[in-house]
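Below: structure06.cif (mmCIF, C-alpha atoms)
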```cif
data_start
loop_
_atom_site.group_PDB
_atom_site.id
_atom_site.type_symbol
_atom_site.label_atom_id
_atom_site.label_comp_id
_atom_site.auth_asym_id
_atom_site.auth_seq_id
_atom_site.Cartn_x
_atom_site.Cartn_y
_atom_site.Cartn_z
ATOM 1 C CA MET A 850 -59.656 -4.132 31.855
ATOM 2 C CA ALA A 851 -60.697 -0.508 32.371
ATOM 3 C CA GLU A 852 -62.725 1.291 29.744
ATOM 4 C CA LEU A 853 -60.692 3.393 27.342
ATOM 5 C CA PRO A 854 -61.172 7.039 28.270
ATOM 6 C CA VAL A 855 -62.683 9.256 25.622
ATOM 7 C CA ARG A 856 -60.976 12.632 25.555
ATOM 8 C CA LEU A 857 -62.191 15.015 22.911
ATOM 9 C CA PRO A 858 -60.926 18.562 22.497
ATOM 10 C CA GLU A 859 -62.804 21.336 24.170
ATOM 11 C CA GLU A 860 -62.462 23.578 21.145
ATOM 12 C CA GLY A 861 -62.980 22.661 17.534
ATOM 13 C CA THR A 862 -64.397 19.531 16.030
ATOM 14 C CA PRO A 863 -62.246 16.408 15.830
ATOM 15 C CA ALA A 864 -61.976 16.928 12.081
ATOM 16 C CA GLU A 865 -60.267 20.263 12.696
ATOM 17 C CA ARG A 866 -57.536 18.806 14.877
ATOM 18 C CA PRO A 867 -54.431 18.211 12.782
ATOM 19 C CA VAL A 868 -52.607 15.076 11.861
ATOM 20 C CA LEU A 869 -49.029 15.388 13.062
ATOM 21 C CA LEU A 870 -46.316 13.642 11.071
ATOM 22 C CA LEU A 871 -43.078 13.147 12.981
ATOM 23 C CA PHE A 872 -40.022 12.467 10.873
ATOM 24 C CA ARG A 873 -37.499 10.813 13.168
ATOM 25 C CA ARG A 874 -35.488 8.676 10.750
ATOM 26 C CA PRO A 875 -32.657 9.921 8.502
ATOM 27 C CA PRO A 876 -33.161 9.787 4.736
ATOM 28 C CA TYR A 877 -32.494 6.653 2.662
ATOM 29 C CA GLY A 878 -31.743 4.174 5.481
ATOM 30 C CA THR A 879 -35.346 3.045 5.596
ATOM 31 C CA VAL A 880 -38.468 3.566 3.540
ATOM 32 C CA PHE A 881 -40.086 5.640 6.272
ATOM 33 C CA PRO A 882 -39.137 9.216 5.240
ATOM 34 C CA ALA A 883 -40.191 8.623 1.630
ATOM 35 C CA GLU A 884 -43.424 6.937 2.689
ATOM 36 C CA GLY A 885 -44.086 9.690 5.202
ATOM 37 C CA LEU A 886 -43.645 12.199 2.404
ATOM 38 C CA ARG A 887 -46.206 10.285 0.332
ATOM 39 C CA MET A 888 -48.531 10.223 3.327
ATOM 40 C CA ALA A 889 -48.168 14.013 3.706
ATOM 41 C CA GLU A 890 -48.956 14.572 0.023
ATOM 42 C CA ALA A 891 -52.036 12.370 0.254
ATOM 43 C CA LEU A 892 -53.375 13.989 3.425
ATOM 44 C CA LEU A 893 -52.882 17.453 1.938
ATOM 45 C CA ALA A 894 -54.593 16.348 -1.273
ATOM 46 C CA PHE A 895 -57.601 15.390 0.862
ATOM 47 C CA GLN A 896 -57.346 18.791 2.581
ATOM 48 C CA MET A 897 -56.647 17.306 5.974
ATOM 49 C CA PRO A 898 -55.151 19.737 8.508
ATOM 50 C CA LEU A 899 -51.517 18.686 8.752
ATOM 51 C CA LYS A 900 -48.383 19.580 10.672
ATOM 52 C CA VAL A 901 -44.966 18.177 9.875
ATOM 53 C CA VAL A 902 -42.061 18.080 12.309
ATOM 54 C CA PHE A 903 -38.503 16.871 11.769
ATOM 55 C CA LEU A 904 -36.679 15.726 14.860
ATOM 56 C CA GLU A 905 -33.779 13.568 16.004
ATOM 57 C CA ASP A 906 -31.952 12.153 12.940
ATOM 58 C CA GLY A 907 -35.002 13.049 10.871
ATOM 59 C CA ILE A 908 -33.627 16.572 10.580
ATOM 60 C CA PHE A 909 -31.197 15.249 7.954
ATOM 61 C CA ASN A 910 -34.144 14.868 5.577
ATOM 62 C CA LEU A 911 -34.060 18.646 5.152
ATOM 63 C CA VAL A 912 -30.344 19.061 4.491
ATOM 64 C CA LYS A 913 -29.853 20.556 1.058
ATOM 65 C CA GLY A 914 -27.886 18.978 -1.761
ATOM 66 C CA GLN A 915 -28.855 15.385 -1.019
ATOM 67 C CA GLY A 916 -30.085 12.646 -3.325
ATOM 68 C CA ASN A 917 -28.365 10.035 -5.397
ATOM 69 C CA LYS A 918 -29.758 9.318 -8.824
ATOM 70 C CA THR A 919 -27.181 6.567 -9.381
ATOM 71 C CA LEU A 920 -28.865 4.569 -6.634
ATOM 72 C CA GLY A 921 -32.341 5.497 -7.814
ATOM 73 C CA PHE A 922 -33.126 7.908 -5.017
ATOM 74 C CA GLY A 923 -34.393 11.413 -5.517
ATOM 75 C CA ASP A 924 -33.740 14.508 -3.431
ATOM 76 C CA LEU A 925 -35.974 14.080 -0.407
ATOM 77 C CA GLY A 926 -35.093 17.528 0.940
ATOM 78 C CA SER A 927 -36.434 19.295 -2.131
ATOM 79 C CA ALA A 928 -39.454 17.000 -2.142
ATOM 80 C CA PHE A 929 -40.285 17.947 1.440
ATOM 81 C CA ALA A 930 -39.904 21.631 0.603
ATOM 82 C CA GLY A 931 -42.300 21.006 -2.278
ATOM 83 C CA LEU A 932 -45.078 20.130 0.170
ATOM 84 C CA THR A 933 -45.834 23.842 0.259
ATOM 85 C CA SER A 934 -47.228 23.497 -3.268
ATOM 86 C CA PHE A 935 -49.788 21.079 -1.756
ATOM 87 C CA GLY A 936 -50.822 23.714 0.776
ATOM 88 C CA LEU A 937 -48.522 23.014 3.717
ATOM 89 C CA GLN A 938 -47.631 26.309 5.336
ATOM 90 C CA GLU A 939 -44.401 25.418 7.061
ATOM 91 C CA LEU A 940 -41.947 22.678 7.915
ATOM 92 C CA LEU A 941 -41.039 22.511 11.575
ATOM 93 C CA VAL A 942 -37.677 21.321 12.834
ATOM 94 C CA VAL A 943 -36.588 20.827 16.429
ATOM 95 C CA GLN A 944 -33.847 23.291 17.304
ATOM 96 C CA GLU A 945 -32.237 21.123 19.976
ATOM 97 C CA ASP A 946 -31.815 18.285 17.476
ATOM 98 C CA LEU A 947 -30.269 20.637 14.908
ATOM 99 C CA SER A 948 -27.814 21.906 17.517
ATOM 100 C CA ASP A 949 -26.917 18.421 18.788
ATOM 101 C CA ARG A 950 -25.995 17.440 15.220
ATOM 102 C CA ARG A 951 -24.257 20.737 14.386
ATOM 103 C CA VAL A 952 -26.665 21.457 11.564
ATOM 104 C CA ARG A 953 -27.604 25.082 10.968
ATOM 105 C CA LEU A 954 -30.808 26.403 9.496
ATOM 106 C CA GLU A 955 -28.802 27.680 6.536
ATOM 107 C CA ASP A 956 -27.711 24.089 5.825
ATOM 108 C CA LEU A 957 -31.312 23.176 5.094
ATOM 109 C CA VAL A 958 -33.265 23.357 1.863
ATOM 110 C CA GLN A 959 -34.948 26.585 0.825
ATOM 111 C CA GLY A 960 -38.475 26.870 2.078
ATOM 112 C CA PRO A 961 -40.682 27.953 4.958
ATOM 113 C CA ILE A 962 -38.753 26.103 7.667
ATOM 114 C CA ARG A 963 -39.262 27.161 11.275
ATOM 115 C CA ALA A 964 -37.221 25.945 14.212
ATOM 116 C CA ILE A 965 -39.202 25.041 17.316
ATOM 117 C CA ARG A 966 -38.226 24.010 20.829
ATOM 118 C CA THR A 967 -39.172 20.640 22.284
ATOM 119 C CA THR A 968 -41.698 22.389 24.514
ATOM 120 C CA GLU A 969 -43.580 23.479 21.402
ATOM 121 C CA LEU A 970 -43.371 19.957 20.019
ATOM 122 C CA ARG A 971 -45.027 18.700 23.184
ATOM 123 C CA ALA A 972 -47.891 21.142 22.634
ATOM 124 C CA LEU A 973 -48.238 20.010 19.011
ATOM 125 C CA ILE A 974 -48.513 16.382 20.111
ATOM 126 C CA ASP A 975 -51.172 17.317 22.674
ATOM 127 C CA GLU A 976 -53.112 19.254 20.039
ATOM 128 C CA ALA A 977 -53.006 16.593 17.317
ATOM 129 C CA LYS A 978 -55.776 14.122 16.659
ATOM 130 C CA VAL A 979 -53.346 11.653 15.137
ATOM 131 C CA VAL A 980 -49.571 11.323 15.489
ATOM 132 C CA MET A 981 -47.743 9.268 12.880
ATOM 133 C CA PRO A 982 -44.034 8.508 13.282
ATOM 134 C CA PHE A 983 -41.940 8.100 10.147
ATOM 135 C CA MET B 938 -65.534 4.467 20.973
ATOM 136 C CA LYS B 939 -64.667 4.548 17.277
ATOM 137 C CA ILE B 940 -61.093 3.474 16.617
ATOM 138 C CA GLY B 941 -58.896 3.676 13.530
ATOM 139 C CA ILE B 942 -55.649 1.765 13.143
ATOM 140 C CA LEU B 943 -52.592 2.195 10.929
ATOM 141 C CA LEU B 944 -49.992 -0.556 10.611
ATOM 142 C CA LEU B 945 -46.581 0.499 9.330
ATOM 143 C CA THR B 946 -44.512 -2.624 9.854
ATOM 144 C CA GLY B 947 -44.502 -5.997 8.149
ATOM 145 C CA PRO B 948 -44.976 -9.424 9.684
ATOM 146 C CA TYR B 949 -42.436 -11.557 11.526
ATOM 147 C CA GLN B 950 -39.506 -9.107 11.690
ATOM 148 C CA HIS B 951 -41.188 -6.992 14.369
ATOM 149 C CA GLU B 952 -44.172 -7.570 16.600
ATOM 150 C CA ALA B 953 -46.132 -4.447 15.668
ATOM 151 C CA ALA B 954 -48.501 -6.474 13.470
ATOM 152 C CA ASP B 955 -49.161 -8.904 16.321
ATOM 153 C CA THR B 956 -49.800 -6.027 18.695
ATOM 154 C CA ALA B 957 -52.152 -4.310 16.244
ATOM 155 C CA TYR B 958 -54.074 -7.559 15.800
ATOM 156 C CA HIS B 959 -54.404 -8.206 19.526
ATOM 157 C CA PHE B 960 -55.376 -4.600 20.194
ATOM 158 C CA ALA B 961 -58.102 -4.651 17.515
ATOM 159 C CA ARG B 962 -59.406 -7.984 18.750
ATOM 160 C CA ALA B 963 -59.518 -6.793 22.362
ATOM 161 C CA ALA B 964 -61.205 -3.514 21.395
ATOM 162 C CA LEU B 965 -63.882 -5.373 19.433
ATOM 163 C CA ALA B 966 -64.398 -7.780 22.315
ATOM 164 C CA ARG B 967 -64.955 -4.810 24.629
ATOM 165 C CA GLY B 968 -67.646 -3.449 22.348
ATOM 166 C CA HIS B 969 -65.651 -0.691 20.685
ATOM 167 C CA GLU B 970 -66.099 -0.047 16.997
ATOM 168 C CA VAL B 971 -62.941 -0.537 14.970
ATOM 169 C CA LEU B 972 -63.631 1.493 11.853
ATOM 170 C CA GLY B 973 -60.788 -0.080 9.995
ATOM 171 C CA ILE B 974 -57.165 -1.098 9.818
ATOM 172 C CA PHE B 975 -55.081 0.546 7.116
ATOM 173 C CA LEU B 976 -52.007 -1.415 6.038
ATOM 174 C CA TYR B 977 -49.212 0.852 4.820
ATOM 175 C CA THR B 978 -45.571 0.307 3.766
ATOM 176 C CA ASP B 979 -44.461 -3.241 4.701
ATOM 177 C CA GLY B 980 -47.641 -3.577 6.751
ATOM 178 C CA VAL B 981 -49.387 -4.631 3.536
ATOM 179 C CA ASN B 982 -47.626 -7.981 3.743
ATOM 180 C CA VAL B 983 -49.902 -9.186 6.547
ATOM 181 C CA ALA B 984 -52.629 -9.411 3.900
ATOM 182 C CA ASN B 985 -50.647 -11.896 1.799
ATOM 183 C CA ARG B 986 -52.670 -15.102 1.663
ATOM 184 C CA ASN B 987 -49.547 -17.036 0.689
ATOM 185 C CA ILE B 988 -48.020 -16.658 4.137
ATOM 186 C CA SER B 989 -47.134 -20.048 5.521
ATOM 187 C CA SER B 990 -45.797 -20.198 9.054
ATOM 188 C CA PRO B 991 -45.395 -23.811 10.204
ATOM 189 C CA GLY B 992 -45.417 -24.058 13.956
ATOM 190 C CA SER B 993 -46.161 -20.383 14.484
ATOM 191 C CA ARG B 994 -49.038 -17.939 14.298
ATOM 192 C CA ASN B 995 -50.269 -17.137 10.801
ATOM 193 C CA LEU B 996 -50.666 -13.377 10.609
ATOM 194 C CA ALA B 997 -52.451 -13.524 7.256
ATOM 195 C CA GLN B 998 -55.136 -15.746 8.755
ATOM 196 C CA MET B 999 -55.318 -13.540 11.841
ATOM 197 C CA PHE B 1000 -55.901 -10.362 9.832
ATOM 198 C CA SER B 1001 -58.274 -12.238 7.540
ATOM 199 C CA GLU B 1002 -60.296 -13.141 10.627
ATOM 200 C CA LEU B 1003 -60.347 -9.458 11.640
ATOM 201 C CA GLY B 1004 -61.555 -8.642 8.150
ATOM 202 C CA GLY B 1005 -64.835 -10.274 9.022
ATOM 203 C CA LYS B 1006 -65.359 -7.778 11.833
ATOM 204 C CA THR B 1007 -63.819 -4.585 10.495
ATOM 205 C CA ARG B 1008 -62.351 -3.259 7.276
ATOM 206 C CA VAL B 1009 -58.762 -4.283 6.600
ATOM 207 C CA VAL B 1010 -57.571 -2.047 3.771
ATOM 208 C CA THR B 1011 -54.261 -2.585 2.002
ATOM 209 C CA CYS B 1012 -52.612 0.483 0.478
ATOM 210 C CA GLY B 1013 -52.742 -0.179 -3.247
ATOM 211 C CA THR B 1014 -49.512 1.633 -4.058
ATOM 212 C CA CYS B 1015 -47.565 -0.102 -1.280
ATOM 213 C CA ALA B 1016 -48.958 -3.438 -2.438
ATOM 214 C CA ARG B 1017 -47.942 -2.775 -6.042
ATOM 215 C CA PHE B 1018 -44.382 -1.915 -4.981
ATOM 216 C CA ARG B 1019 -44.200 -5.252 -3.177
ATOM 217 C CA GLY B 1020 -45.732 -7.368 -5.930
ATOM 218 C CA LEU B 1021 -48.852 -8.012 -3.893
ATOM 219 C CA THR B 1022 -51.705 -8.362 -6.338
ATOM 220 C CA LYS B 1023 -55.430 -8.526 -5.647
ATOM 221 C CA GLU B 1024 -55.269 -12.286 -6.142
ATOM 222 C CA CYS B 1025 -52.672 -12.523 -3.360
ATOM 223 C CA LEU B 1026 -54.904 -10.934 -0.739
ATOM 224 C CA SER B 1027 -56.410 -12.911 2.116
ATOM 225 C CA PRO B 1028 -60.199 -13.127 2.341
ATOM 226 C CA GLY B 1029 -61.604 -10.209 4.288
ATOM 227 C CA THR B 1030 -58.892 -7.792 3.177
ATOM 228 C CA SER B 1031 -59.053 -5.408 0.230
ATOM 229 C CA LEU B 1032 -56.945 -3.010 -1.792
ATOM 230 C CA GLY B 1033 -57.730 0.657 -1.271
ATOM 231 C CA GLY B 1034 -56.471 4.174 -1.572
ATOM 232 C CA MET B 1035 -55.511 6.864 0.895
ATOM 233 C CA GLY B 1036 -59.100 8.059 0.872
ATOM 234 C CA ALA B 1037 -59.974 5.074 3.068
ATOM 235 C CA LEU B 1038 -57.332 6.098 5.574
ATOM 236 C CA VAL B 1039 -58.554 9.693 5.560
ATOM 237 C CA LYS B 1040 -62.084 8.469 6.272
ATOM 238 C CA PHE B 1041 -60.875 6.405 9.241
ATOM 239 C CA ILE B 1042 -59.070 9.468 10.615
ATOM 240 C CA GLN B 1043 -62.042 11.748 10.134
ATOM 241 C CA ASP B 1044 -64.592 9.402 11.667
ATOM 242 C CA CYS B 1045 -62.661 7.984 14.616
ATOM 243 C CA ASP B 1046 -62.446 9.111 18.221
ATOM 244 C CA ARG B 1047 -59.000 7.600 18.605
ATOM 245 C CA PHE B 1048 -56.430 6.636 16.008
ATOM 246 C CA LEU B 1049 -53.554 4.313 16.804
ATOM 247 C CA VAL B 1050 -50.357 3.721 14.837
ATOM 248 C CA PHE B 1051 -48.397 0.495 15.212
ATOM 249 C CA GLY B 1052 -44.803 0.310 13.997
ATOM 250 C CA GLY B 1053 -43.102 3.059 12.068
ATOM 251 C CA GLY B 1054 -40.034 5.229 12.362
#
```
Can you dump the structure from the file as structure tokens?
Amino acid sequence: MAELPVRLPEEGTPAERPVLLLFRRPPYGTVFPAEGLRMAEALLAFQMPLKVVFLEDGIFNLVKGQGNKTLGFGDLGSAFAGLTSFGLQELLVVQEDLSDRRVRLEDLVQGPIRAIRTTELRALIDEAKVVMPF
Amino acid sequence: MKIGILLLTGPYQHEAADTAYHFARAALARGHEVLGIFLYTDGVNVANRNISSPGSRNLAQMFSELGGKTRVVTCGTCARFRGLTKECLSPGTSLGGMGALVKFIQDCDRFLVFGGG
């Protein structure tokens, strides 16, 4: 077996490279979006550099007016928007995945949401120290 | 190389736990330092000492064995949600908070995630 290559960034210390959370799953079908939200809150509480991207069916986590208290679920969209109170600057969402699902930016919760192209997502993955899929 | 691991999937329904175990074991055998394995969401269930798997691999024993060579930390909140108490944990595994995960991330050269969305 070949040795694992060590590739460290040329600029910045490893601690400065962000953790990238990718939200790929829709809300409520699995535990992953809610647990990813909890992970984001924890990483921000520890002042870890963090970027959060919603893609594929994960974009539905940001649609406004969701939640079902009868079933014991809260409003994940508002909770994600609330990450800004933990210090997150923006929520990123992949434009192509919005378009494919006929969801507009104005359908999403209020907050600092920025649409990115998949090319930018690729750069974010390259830049990140850790990528966690939820 | 210093390696951190996050397991997001429980035992027996998917093979992510098996893959994480075999990866950690191989990395240790090659002389790499596995800083720790953080068990999150259903991944905490691999630390359940009550697992009984007649005729098949016992993931609790496997992760317990790894616990002698690296830290195997079970997310306390995830464990509580699943009724996994301290007394239920396999030897070599422990309950911990997100601070342990953050430390693995900060100190590692590479961080691998097994399972997830």
What residues in chain B have any atom no more than 12 Å from chain A when counting all atoms listed in the file, and can you write them as a count of residues only? 45
Using the chain letters and numbers from the file, which residues does the PyMOL selection byres ((chain A and resi 959) around 10) grab, as a short mmCIF file (atom, residue, chain, number, x, y, z; two decimals) with C-alpha atoms, keeping the file's coordinate frame?
```
data_model
loop_
_atom_site.label_atom_id
_atom_site.label_comp_id
_atom_site.auth_asym_id
_atom_site.auth_seq_id
_atom_site.Cartn_x
_atom_site.Cartn_y
_atom_site.Cartn_z
CA LEU A 911 -34.06 18.65 5.15
CA VAL A 912 -30.34 19.06 4.49
CA LYS A 913 -29.85 20.56 1.06
CA GLY A 926 -35.09 17.53 0.94
CA SER A 927 -36.43 19.30 -2.13
CA ALA A 930 -39.90 21.63 0.60
CA GLY A 931 -42.30 21.01 -2.28
CA LEU A 954 -30.81 26.40 9.50
CA GLU A 955 -28.80 27.68 6.54
CA ASP A 956 -27.71 24.09 5.82
CA LEU A 957 -31.31 23.18 5.09
CA VAL A 958 -33.26 23.36 1.86
CA GLY A 960 -38.48 26.87 2.08
CA PRO A 961 -40.68 27.95 4.96
CA ILE A 962 -38.75 26.10 7.67
#
```
Find the residues near Gly1004 in chain B: any atom within 10 Å, counting all atoms listed in the file, skip ones fewer than 3 places away on the same chain, and give them as a PyMOL selection string. chain B and resi 973-974+984+998-1001+1007-1010+1027-1031
For the residues in that selection, give me C-alpha atoms as a PDB file, in the frame of the given file.
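Listing of again37.pdb after writing:
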```pdb
ATOM      1  CA  GLY B 973     -60.788  -0.080   9.995  1.00  0.00           C
ATOM      2  CA  ILE B 974     -57.165  -1.098   9.818  1.00  0.00           C
ATOM      3  CA  ALA B 984     -52.629  -9.411   3.900  1.00  0.00           C
ATOM      4  CA  GLN B 998     -55.136 -15.746   8.755  1.00  0.00           C
ATOM      5  CA  MET B 999     -55.318 -13.540  11.841  1.00  0.00           C
ATOM      6  CA  PHE B1000     -55.901 -10.362   9.832  1.00  0.00           C
ATOM      7  CA  SER B1001     -58.274 -12.238   7.540  1.00  0.00           C
ATOM      8  CA  THR B1007     -63.819  -4.585  10.495  1.00  0.00           C
ATOM      9  CA  ARG B1008     -62.351  -3.259   7.276  1.00  0.00           C
ATOM     10  CA  VAL B1009     -58.762  -4.283   6.600  1.00  0.00           C
ATOM     11  CA  VAL B1010     -57.571  -2.047   3.771  1.00  0.00           C
ATOM     12  CA  SER B1027     -56.410 -12.911   2.116  1.00  0.00           C
ATOM     13  CA  PRO B1028     -60.199 -13.127   2.341  1.00  0.00           C
ATOM     14  CA  GLY B1029     -61.604 -10.209   4.288  1.00  0.00           C
ATOM     15  CA  THR B1030     -58.892  -7.792   3.177  1.00  0.00           C
ATOM     16  CA  SER B1031     -59.053  -5.408   0.230  1.00  0.00           C
TER      17      SER B1031
END
```
Closest of B:Leu1003, B:Arg1019, B:Gly992, B:Glu970 to Gly947 in chain B - atom-to-atom distances counting all atoms listed in the file: B:Arg1019
Written as a ChimeraX atom specification, which residues does the PyMOL selection byres ((chain A and resi 974) around 10) give for the file shown? /A:867-871,900,969-973,975-980
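For the atom pair formed by CA of Phe929 in chain A and CA of Arg950 in chain A, the distance is 19.9 Å, given to one decimal.
Restricting the calculation to all atoms listed in the file, the smallest distance between Leu965 in chain B and any of B:Asn995, B:Pro948, B:Ser990, B:Lys1006 is found for B:Lys1006.
Between CA of Arg1017 in chain B and CA of Ile988 in chain B the separation is 17.2 Å.
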To one decimal place, how far is CA of Ala954 in chain B from CA of Arg986 in chain B in Å? 15.2 Å
